[in-house]
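**Q** Data file protein-v2.txt (compact mmCIF, C-alpha atoms and all ligand atoms) is appended below.
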```txt
# COMPACT_ATOMS: atom_id res chain seq x y z
CA MET A 1152 101.54 12.74 19.82
CA LYS A 1153 104.01 9.98 18.93
CA LYS A 1154 106.88 11.64 17.03
CA VAL A 1155 107.13 15.35 17.64
CA LEU A 1156 109.09 18.03 15.77
CA ILE A 1157 109.61 21.26 17.74
CA THR A 1158 110.61 24.36 15.77
CA GLY A 1159 112.34 27.23 17.59
CA ALA A 1160 113.43 24.74 20.24
CA LEU A 1161 116.30 26.88 21.55
CA GLY A 1162 113.94 29.61 22.74
CA GLN A 1163 112.26 30.23 26.09
CA ILE A 1164 109.41 27.73 25.60
CA GLY A 1165 111.24 25.29 23.32
CA SER A 1166 114.18 24.63 25.62
CA GLU A 1167 111.86 23.55 28.45
CA LEU A 1168 109.30 21.83 26.23
CA THR A 1169 112.05 19.67 24.73
CA ALA A 1170 113.06 18.30 28.15
CA HIS A 1171 109.41 17.90 29.18
CA LEU A 1172 108.43 15.95 26.04
CA ARG A 1173 111.58 13.81 26.16
CA LYS A 1174 110.46 12.68 29.64
CA ILE A 1175 106.89 11.94 28.54
CA TYR A 1176 107.34 10.50 25.04
CA GLY A 1177 110.96 9.26 25.10
CA THR A 1178 114.13 10.93 23.85
CA ASP A 1179 113.97 9.20 20.45
CA ASN A 1180 110.47 10.52 19.78
CA VAL A 1181 111.21 14.22 20.18
CA VAL A 1182 113.07 16.17 17.50
CA PRO A 1183 113.87 19.72 18.62
CA SER A 1184 115.14 22.01 15.89
CA GLY A 1185 116.56 25.48 15.49
CA ARG A 1186 118.61 27.72 13.22
CA ARG A 1187 121.85 27.29 15.20
CA THR A 1188 123.71 24.50 16.96
CA PRO A 1189 124.98 26.13 20.16
CA GLN A 1190 127.59 24.21 22.12
CA GLY A 1191 126.70 23.18 25.66
CA SER A 1192 122.94 23.39 25.01
CA LYS A 1193 120.93 20.58 26.66
CA VAL A 1194 118.47 20.75 23.76
CA VAL A 1195 121.27 19.94 21.31
CA GLU A 1196 123.30 17.54 23.41
CA GLU A 1197 120.77 15.44 25.33
CA GLY A 1198 118.95 13.81 22.40
CA LEU A 1199 118.05 14.27 18.75
CA TYR A 1200 118.48 17.72 17.22
CA GLU A 1201 118.11 19.11 13.66
CA LEU A 1202 118.98 22.38 11.97
CA VAL A 1203 115.69 23.76 10.61
CA ASP A 1204 115.03 27.30 9.46
CA THR A 1205 111.23 27.52 9.20
CA GLU A 1206 111.54 29.99 6.33
CA ASN A 1207 112.93 27.01 4.37
CA ALA A 1208 110.02 24.64 3.67
CA GLN A 1209 112.31 21.95 2.27
CA GLN A 1210 114.23 21.70 5.55
CA ILE A 1211 110.97 21.21 7.46
CA ALA A 1212 109.74 18.59 4.99
CA ASP A 1213 113.05 16.68 5.03
CA THR A 1214 113.02 16.50 8.83
CA VAL A 1215 109.36 15.42 8.98
CA LYS A 1216 110.10 12.67 6.45
CA LYS A 1217 113.35 11.56 8.09
CA TYR A 1218 111.73 10.96 11.50
CA ASN A 1219 108.19 10.08 10.42
CA ILE A 1220 106.87 13.04 12.42
CA ASP A 1221 103.13 13.09 13.28
CA THR A 1222 103.01 16.36 15.29
CA ILE A 1223 104.74 19.71 14.75
CA ILE A 1224 104.93 22.16 17.65
CA HIS A 1225 105.75 25.38 15.87
CA LEU A 1226 107.43 27.79 18.29
CA ALA A 1227 109.80 29.71 15.97
CA SER A 1228 108.53 33.29 16.11
CA MET A 1229 109.60 36.88 16.77
CA LEU A 1230 108.03 38.51 19.85
CA SER A 1231 106.30 41.87 20.28
CA ALA A 1232 109.14 44.32 21.02
CA THR A 1233 111.58 42.90 18.46
CA GLY A 1234 108.66 42.75 16.03
CA GLU A 1235 108.13 46.51 16.41
CA ALA A 1236 111.86 47.12 15.90
CA ASN A 1237 111.76 45.18 12.62
CA PRO A 1238 108.16 44.71 11.39
CA ALA A 1239 109.10 43.38 7.94
CA LYS A 1240 111.25 40.64 9.45
CA ALA A 1241 108.51 39.82 11.98
CA TRP A 1242 106.02 39.34 9.15
CA ASN A 1243 108.40 37.13 7.18
CA VAL A 1244 109.50 34.98 10.12
CA ASN A 1245 106.07 34.64 11.74
CA MET A 1246 103.86 34.28 8.66
CA GLY A 1247 106.37 32.67 6.27
CA GLY A 1248 107.36 30.10 8.90
CA LEU A 1249 103.77 29.25 9.80
CA TYR A 1250 102.71 28.94 6.16
CA ASN A 1251 105.57 26.51 5.48
CA VAL A 1252 104.77 24.45 8.57
CA LEU A 1253 101.08 24.24 7.59
CA GLU A 1254 101.94 23.21 4.03
CA VAL A 1255 104.35 20.51 5.21
CA GLY A 1256 101.75 19.41 7.76
CA ARG A 1257 99.21 19.11 4.95
CA GLU A 1258 101.60 17.06 2.80
CA PHE A 1259 102.51 14.61 5.59
CA GLY A 1260 99.27 14.67 7.65
CA CYS A 1261 100.79 16.12 10.85
CA ALA A 1262 98.88 17.65 13.75
CA ILE A 1263 100.11 21.20 14.40
CA PHE A 1264 100.33 23.31 17.56
CA THR A 1265 100.85 27.06 17.07
CA PRO A 1266 100.95 29.48 19.99
CA SER A 1267 99.02 32.68 19.62
CA SER A 1268 99.21 35.37 22.30
CA ILE A 1269 97.36 37.99 24.34
CA ALA A 1270 98.88 40.22 21.63
CA ALA A 1271 96.13 39.01 19.27
CA PHE A 1272 93.87 41.47 21.09
CA GLY A 1273 94.13 45.25 20.85
CA PRO A 1274 92.88 48.51 22.35
CA THR A 1275 89.30 47.96 21.15
CA SER A 1276 89.05 44.51 22.77
CA GLN A 1277 87.35 44.17 26.16
CA LYS A 1278 90.09 45.14 28.63
CA VAL A 1279 89.22 42.99 31.65
CA LYS A 1280 88.33 39.28 31.37
CA THR A 1281 88.59 39.52 27.57
CA PRO A 1282 86.26 36.82 26.25
CA GLN A 1283 87.36 33.93 24.04
CA GLU A 1284 85.61 35.61 21.12
CA ASP A 1285 86.02 39.36 21.01
CA ILE A 1286 87.14 42.17 18.71
CA GLN A 1287 90.72 41.51 17.50
CA ARG A 1288 92.30 44.66 16.06
CA PRO A 1289 95.88 44.55 17.44
CA THR A 1290 98.17 47.53 16.87
CA THR A 1291 101.53 45.70 16.76
CA MET A 1292 103.03 43.71 13.88
CA TYR A 1293 103.43 40.78 16.28
CA GLY A 1294 99.70 40.96 17.07
CA VAL A 1295 98.83 41.21 13.38
CA THR A 1296 100.81 38.01 12.68
CA LYS A 1297 99.13 36.28 15.63
CA VAL A 1298 95.59 37.06 14.43
CA ALA A 1299 96.51 36.15 10.86
CA GLY A 1300 98.10 32.94 12.19
CA GLU A 1301 94.94 32.00 14.13
CA LEU A 1302 92.87 32.55 10.98
CA LEU A 1303 95.29 30.62 8.78
CA CYS A 1304 95.25 27.65 11.18
CA ASP A 1305 91.42 27.72 11.22
CA TYR A 1306 91.48 27.82 7.42
CA TYR A 1307 93.74 24.75 7.15
CA TYR A 1308 91.47 22.88 9.57
CA LYS A 1309 88.26 23.78 7.70
CA ARG A 1310 89.60 23.58 4.16
CA PHE A 1311 92.01 20.62 4.41
CA GLY A 1312 91.00 18.87 7.65
CA LEU A 1313 94.43 19.52 9.18
CA ASP A 1314 94.45 18.98 12.96
CA THR A 1315 95.54 22.50 13.96
CA ARG A 1316 95.36 23.59 17.61
CA GLY A 1317 96.66 26.54 19.63
CA VAL A 1318 96.44 28.73 22.72
CA ARG A 1319 96.79 32.45 23.31
CA PHE A 1320 99.70 32.54 25.73
CA PRO A 1321 100.10 35.38 28.23
CA GLY A 1322 103.58 36.44 29.42
CA LEU A 1323 105.53 33.31 30.34
CA ILE A 1324 107.82 33.27 33.36
CA SER A 1325 110.65 30.75 33.53
CA TYR A 1326 114.19 30.21 34.85
CA GLU A 1327 115.82 27.99 32.19
CA THR A 1328 116.16 30.28 29.14
CA LEU A 1329 115.57 34.03 29.11
CA PRO A 1330 112.81 35.32 26.83
CA GLY A 1331 113.98 37.48 23.94
CA GLY A 1332 112.27 40.66 22.86
CA GLY A 1333 108.88 40.49 24.55
CA THR A 1334 106.87 43.13 26.42
CA THR A 1335 106.15 40.82 29.36
CA ASP A 1336 109.88 40.02 29.82
CA TYR A 1337 110.11 42.40 32.81
CA ALA A 1338 108.31 39.74 34.86
CA VAL A 1339 111.24 37.36 34.26
CA HIS A 1340 114.09 39.89 34.57
CA ILE A 1341 112.77 41.10 37.95
CA TYR A 1342 113.52 37.71 39.58
CA TYR A 1343 117.08 37.59 38.21
CA GLU A 1344 117.79 41.16 39.32
CA ALA A 1345 116.19 40.63 42.74
CA LEU A 1346 118.65 37.84 43.46
CA LYS A 1347 121.68 39.53 41.87
CA HIS A 1348 121.27 43.19 42.87
CA LYS A 1349 118.24 43.35 45.22
CA LYS A 1350 116.72 46.02 42.98
CA TYR A 1351 115.08 46.26 39.57
CA ALA A 1352 114.16 49.14 37.26
CA SER A 1353 110.98 48.08 35.47
CA PHE A 1354 110.50 49.15 31.85
CA ILE A 1355 106.73 48.76 32.41
CA LYS A 1356 104.87 51.34 34.57
CA ALA A 1357 103.28 50.56 37.92
CA GLY A 1358 99.59 49.85 37.51
CA THR A 1359 99.98 48.13 34.12
CA TYR A 1360 98.24 44.76 34.36
CA MET A 1361 99.01 41.87 32.02
CA ASP A 1362 98.19 38.17 32.13
CA MET A 1363 101.05 35.85 33.08
CA MET A 1364 101.77 32.14 33.52
CA TYR A 1365 104.57 30.03 35.00
CA MET A 1366 106.30 27.78 32.46
CA PRO A 1367 105.30 24.41 33.99
CA ASP A 1368 101.65 25.34 33.41
CA ALA A 1369 102.42 26.47 29.85
CA LEU A 1370 104.08 23.12 29.07
CA ASP A 1371 101.09 21.24 30.53
CA SER A 1372 98.72 23.32 28.41
CA ILE A 1373 100.50 22.28 25.21
CA VAL A 1374 100.45 18.57 26.07
CA GLN A 1375 96.87 18.67 27.39
CA LEU A 1376 95.53 20.45 24.33
CA MET A 1377 97.38 18.21 21.86
CA GLU A 1378 96.16 15.08 23.67
CA ALA A 1379 92.56 16.37 24.01
CA ASP A 1380 89.68 14.57 22.34
CA PRO A 1381 89.26 16.48 19.03
CA SER A 1382 85.49 16.06 19.10
CA LYS A 1383 85.38 18.27 22.24
CA LEU A 1384 87.33 21.17 20.67
CA ILE A 1385 85.06 23.93 19.44
CA HIS A 1386 87.68 26.71 19.33
CA ARG A 1387 90.91 24.94 18.25
CA ASN A 1388 92.82 28.14 17.20
CA ALA A 1389 93.25 29.65 19.62
CA PHE A 1390 92.17 29.20 23.24
CA ASN A 1391 92.54 31.97 25.80
CA VAL A 1392 94.67 30.57 28.66
CA THR A 1393 95.87 32.39 31.75
CA ALA A 1394 97.05 31.72 35.28
CA MET A 1395 97.31 35.17 36.91
CA SER A 1396 97.10 38.87 36.13
CA PHE A 1397 99.37 41.39 37.85
CA ALA A 1398 101.22 44.69 37.53
CA PRO A 1399 104.96 45.21 38.29
CA GLU A 1400 104.37 46.40 41.88
CA HIS A 1401 102.54 43.15 42.71
CA VAL A 1402 105.40 40.88 41.68
CA ALA A 1403 107.80 43.22 43.50
CA ALA A 1404 105.73 42.95 46.71
CA GLU A 1405 105.72 39.17 46.42
CA ILE A 1406 109.52 39.08 45.96
CA LYS A 1407 109.93 41.40 48.96
CA LYS A 1408 108.32 38.74 51.18
CA HIS A 1409 111.40 36.58 50.48
CA ILE A 1410 114.04 39.29 49.94
CA PRO A 1411 113.04 42.15 52.29
CA GLU A 1412 115.75 44.53 50.97
CA PHE A 1413 114.41 44.26 47.40
CA GLU A 1414 113.29 47.56 45.81
CA ILE A 1415 111.59 48.26 42.50
CA ASP A 1416 111.79 51.51 40.59
CA TYR A 1417 110.77 52.49 37.08
CA ASP A 1418 112.64 53.34 33.89
CA VAL A 1419 109.75 53.12 31.47
CA ASP A 1420 110.33 52.17 27.84
CA PRO A 1421 107.64 54.08 25.87
CA ILE A 1422 107.47 51.48 23.10
CA ARG A 1423 106.92 48.49 25.34
CA GLN A 1424 104.62 50.52 27.62
CA ALA A 1425 102.41 51.41 24.63
CA ILE A 1426 102.32 47.75 23.58
CA ALA A 1427 101.36 46.67 27.12
CA GLU A 1428 98.61 49.29 27.28
CA SER A 1429 97.14 48.01 24.01
CA TRP A 1430 96.73 44.48 25.45
CA PRO A 1431 94.07 43.10 27.81
CA ASP A 1432 94.54 43.35 31.58
CA SER A 1433 93.22 39.81 31.91
CA LEU A 1434 91.67 37.04 29.79
CA ASP A 1435 88.63 34.85 30.33
CA ASP A 1436 89.85 31.28 29.80
CA ASN A 1437 86.58 29.42 30.38
CA ALA A 1438 86.47 27.85 26.91
CA ALA A 1439 89.82 26.12 27.55
CA ARG A 1440 88.62 24.97 30.98
CA LEU A 1441 85.40 23.55 29.56
CA GLU A 1442 86.65 22.06 26.30
CA TRP A 1443 89.90 20.38 27.44
CA GLY A 1444 90.16 20.75 31.20
CA TRP A 1445 92.68 23.62 31.44
CA ASN A 1446 93.46 24.25 35.12
CA PRO A 1447 96.78 25.99 35.96
CA LYS A 1448 98.60 25.05 39.17
CA TYR A 1449 100.69 28.15 39.91
CA ASP A 1450 99.62 31.57 41.17
CA LEU A 1451 101.90 34.57 41.86
CA ALA A 1452 102.81 33.40 45.38
CA SER A 1453 103.67 29.77 44.52
CA MET A 1454 105.45 30.79 41.32
CA THR A 1455 107.62 33.29 43.22
CA VAL A 1456 108.71 30.66 45.76
CA ASP A 1457 109.66 28.25 42.98
CA MET A 1458 111.34 30.85 40.71
CA LEU A 1459 113.58 32.15 43.51
CA ALA A 1460 114.49 28.62 44.61
CA LYS A 1461 115.31 27.47 41.06
CA LEU A 1462 117.36 30.58 40.26
CA LYS A 1463 119.30 30.17 43.52
CA GLU A 1464 120.07 26.55 42.55
CA LYS A 1465 121.34 27.82 39.19
CA GLN A 1466 123.53 30.34 41.05
CA ILE A 1467 122.70 33.04 38.55
C1 LIG A 1501 105.57 39.22 24.37
O1 LIG A 1501 105.63 39.94 25.38
O2 LIG A 1501 105.77 39.63 23.22
C2 LIG A 1501 105.16 37.78 24.55
C3 LIG A 1501 103.70 37.58 24.41
C4 LIG A 1501 102.78 38.07 25.45
O3 LIG A 1501 103.26 37.03 23.45
N1 LIG A 1501 105.62 37.31 25.82
```
Could you quickly redo this structure as structure tokens?
Ligand code: AKB

**A**
Amino acid sequence: MKKVLITGALGQIGSELTAHLRKIYGTDNVVPSGRRTPQGSKVVEEGLYELVDTENAQQIADTVKKYNIDTIIHLASMLSATGEANPAKAWNVNMGGLYNVLEVGREFGCAIFTPSSIAAFGPTSQKVKTPQEDIQRPTTMYGVTKVAGELLCDYYYKRFGLDTRGVRFPGLISYETLPGGGTTDYAVHIYYEALKHKKYASFIKAGTYMDMMYMPDALDSIVQLMEADPSKLIHRNAFNVTAMSFAPEHVAAEIKKHIPEFEIDYDVDPIRQAIAESWPDSLDDNAARLEWGWNPKYDLASMTVDMLAKLKEKQI
């Protein structure tokens, strides 16, 4: 990666990836982009920034040309719960945006990173330690766009030789920017509420396991995969990656070690609960470990220490 365009850079991953890549590759070599220009945003104010709506192919092409971009990290996407609230929009944003990015990548010869998700699996996939290659019949629109996206990226690699790569992210936990509209978001909200109110009502039921990962590991996975030797990549789009698997009561118990008064209770949202139940409890990420050395640093205990410390510093 030499000159990187990030789409959806104002979101949960993009806002932290922008800072991370600016440190590694230099501020002038990272071009975050989004559909708004919010005031006071570090993404907008601490380096280059462009307005790019990924549903507008011309805007993507103009930006790639202007900065001589060689890599596009395509993060602009709707998540699972908002996707169920508006499936038509989720299809247009997720598939239309990806198609445009792939076409521009083809025209200008860019490498492309696209995140897939645990949502690319469904109720007929193996539930525990879901293998890299398994049945993929998701039951959400978000999941449908993720499987279609994986296939489309494979197609552009095989048909046009485009250097497409991706991972299937689990729920991502971070303290910089809140996630918007996901099913795994409870695992972020719980830390904020633990510090603010010493209690949290989870919209996901006790006993519901999902894979999760702390943001620093997610950022490393993107850089590691994009810098990996292409001759070693058998799977390309998209690698299972995970760092931990837990249910709401486990994160609550971990928080309680630091905030003894903290209590969890449950106010279950049937839509997000059904989505969670359709996903794997845990993924097998051996292919990523073998093909490009994936090895996450954080588990639930170390993540909890860091999350609480960072949120306290932010004085949320
Ligand atoms: C969501 O919950 O929709 C996302 C995801 C697992 O892809 N965090």

**Q** Given the choices A:Met1363, A:Leu1384, A:Val1295, A:Ala1160, which gets closest to ligand LIG 1501 (chain A) if the distance is worked out from all atoms listed in the file?

**A**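 So, comparing all the options, the nearest one is A:Met1363.
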
**Q** Which one of A:Val1279, A:Leu1168, A:Leu1302, A:Leu1376 sits closest to Leu1226 (chain A) if you count all atoms listed in the file?

**A**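 Distance minimum relative to Leu1226 (chain A) lands on A:Leu1168.
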
**Q** Calculated over all atoms listed in the file, which of the candidates A:Tyr1326, A:Trp1430, A:Tyr1449, A:Tyr1342 has the smallest distance to Met1364 (chain A)?

**A**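 Distance minimum relative to Met1364 (chain A) lands on A:Tyr1449.
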
**Q** Work out how far apart CA of Gly1177 (chain A) and CA of Ile1324 (chain A) are and give it in Å to one decimal.

**A**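 Going from CA of Gly1177 (chain A) over to CA of Ile1324 (chain A), I get 25.6 Å.
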
**Q** Grab me every residue within 7 Å of ligand LIG 1501 (chain A), counting all atoms listed in the file, and send it over as a ChimeraX atom specification.

**A** /A:1230-1232,1268-1270,1320-1323,1332-1336

**Q** Find the smallest box with edges along x, y and z containing every listed atom of region 1161-1167 of chain A, then add 6 Å on each side and report centre and edge lengths in Å to one decimal, as JSON.

**A**
```
{"center_x": 112.9, "center_y": 26.9, "center_z": 25.0, "size_x": 18.9, "size_y": 18.7, "size_z": 18.9}
```

**Q** Compile a residue-level contact table for region 1208-1278 of chain A against region 1178-1190 of chain A at a cut-off of 9 Å, reporting for every qualifying residue the shortest atom pair and its distance in Å to one decimal, with only C-alpha atoms counted, rows ordered by chain and ascending number, as CSV.

**A**
```
residue,atom,partner,partner_atom,distance
A:Thr1214,CA,A:Val1182,CA,8.7
A:Tyr1218,CA,A:Val1182,CA,8.1
A:Ile1220,CA,A:Asn1180,CA,8.6
A:Ala1227,CA,A:Gly1185,CA,8.0
```

**Q** Which polymer residues have any atom within 12 Å of an atom of Tyr1308 (chain A), counting only C-alpha atoms, with same-chain residues fewer than 6 positions away left out, as a PyMOL selection string?

**A** chain A and resi 1253-1254+1256-1257+1260-1264+1301-1302+1314-1317+1381+1384-1388

**Q** Looking at A:Leu1434, A:Asp1368, A:Ala1460, A:Gln1163, which one is nearest to Val1339 (chain A), with distances taken over all atoms listed in the file?

**A**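 Looking at the shortest contact to Val1339 (chain A), the residue is A:Gln1163.
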
**Q** With all atoms listed in the file as the counted atoms, please give the residues lying no more than 12 Å from Ala1239 (chain A), apart from itself and same-chain residues fewer than 6 positions off, as a PyMOL selection string.

**A** chain A and resi 1229+1233+1245-1247+1291-1293+1295-1296

**Q** Work out how far apart CA of Ala1357 (chain A) and CA of Glu1344 (chain A) are and give it in Å to one decimal.

**A** 17.3 Å

**Q** So that I can check the surroundings of Lys1280 (chain A), please list as JSON, numbers by chain every protein, DNA and RNA residue that reaches within 8 Å of it, counting only C-alpha atoms and ignoring chain neighbours fewer than 4 positions away.

**A** {"A": [1431, 1432, 1433, 1434, 1435]}
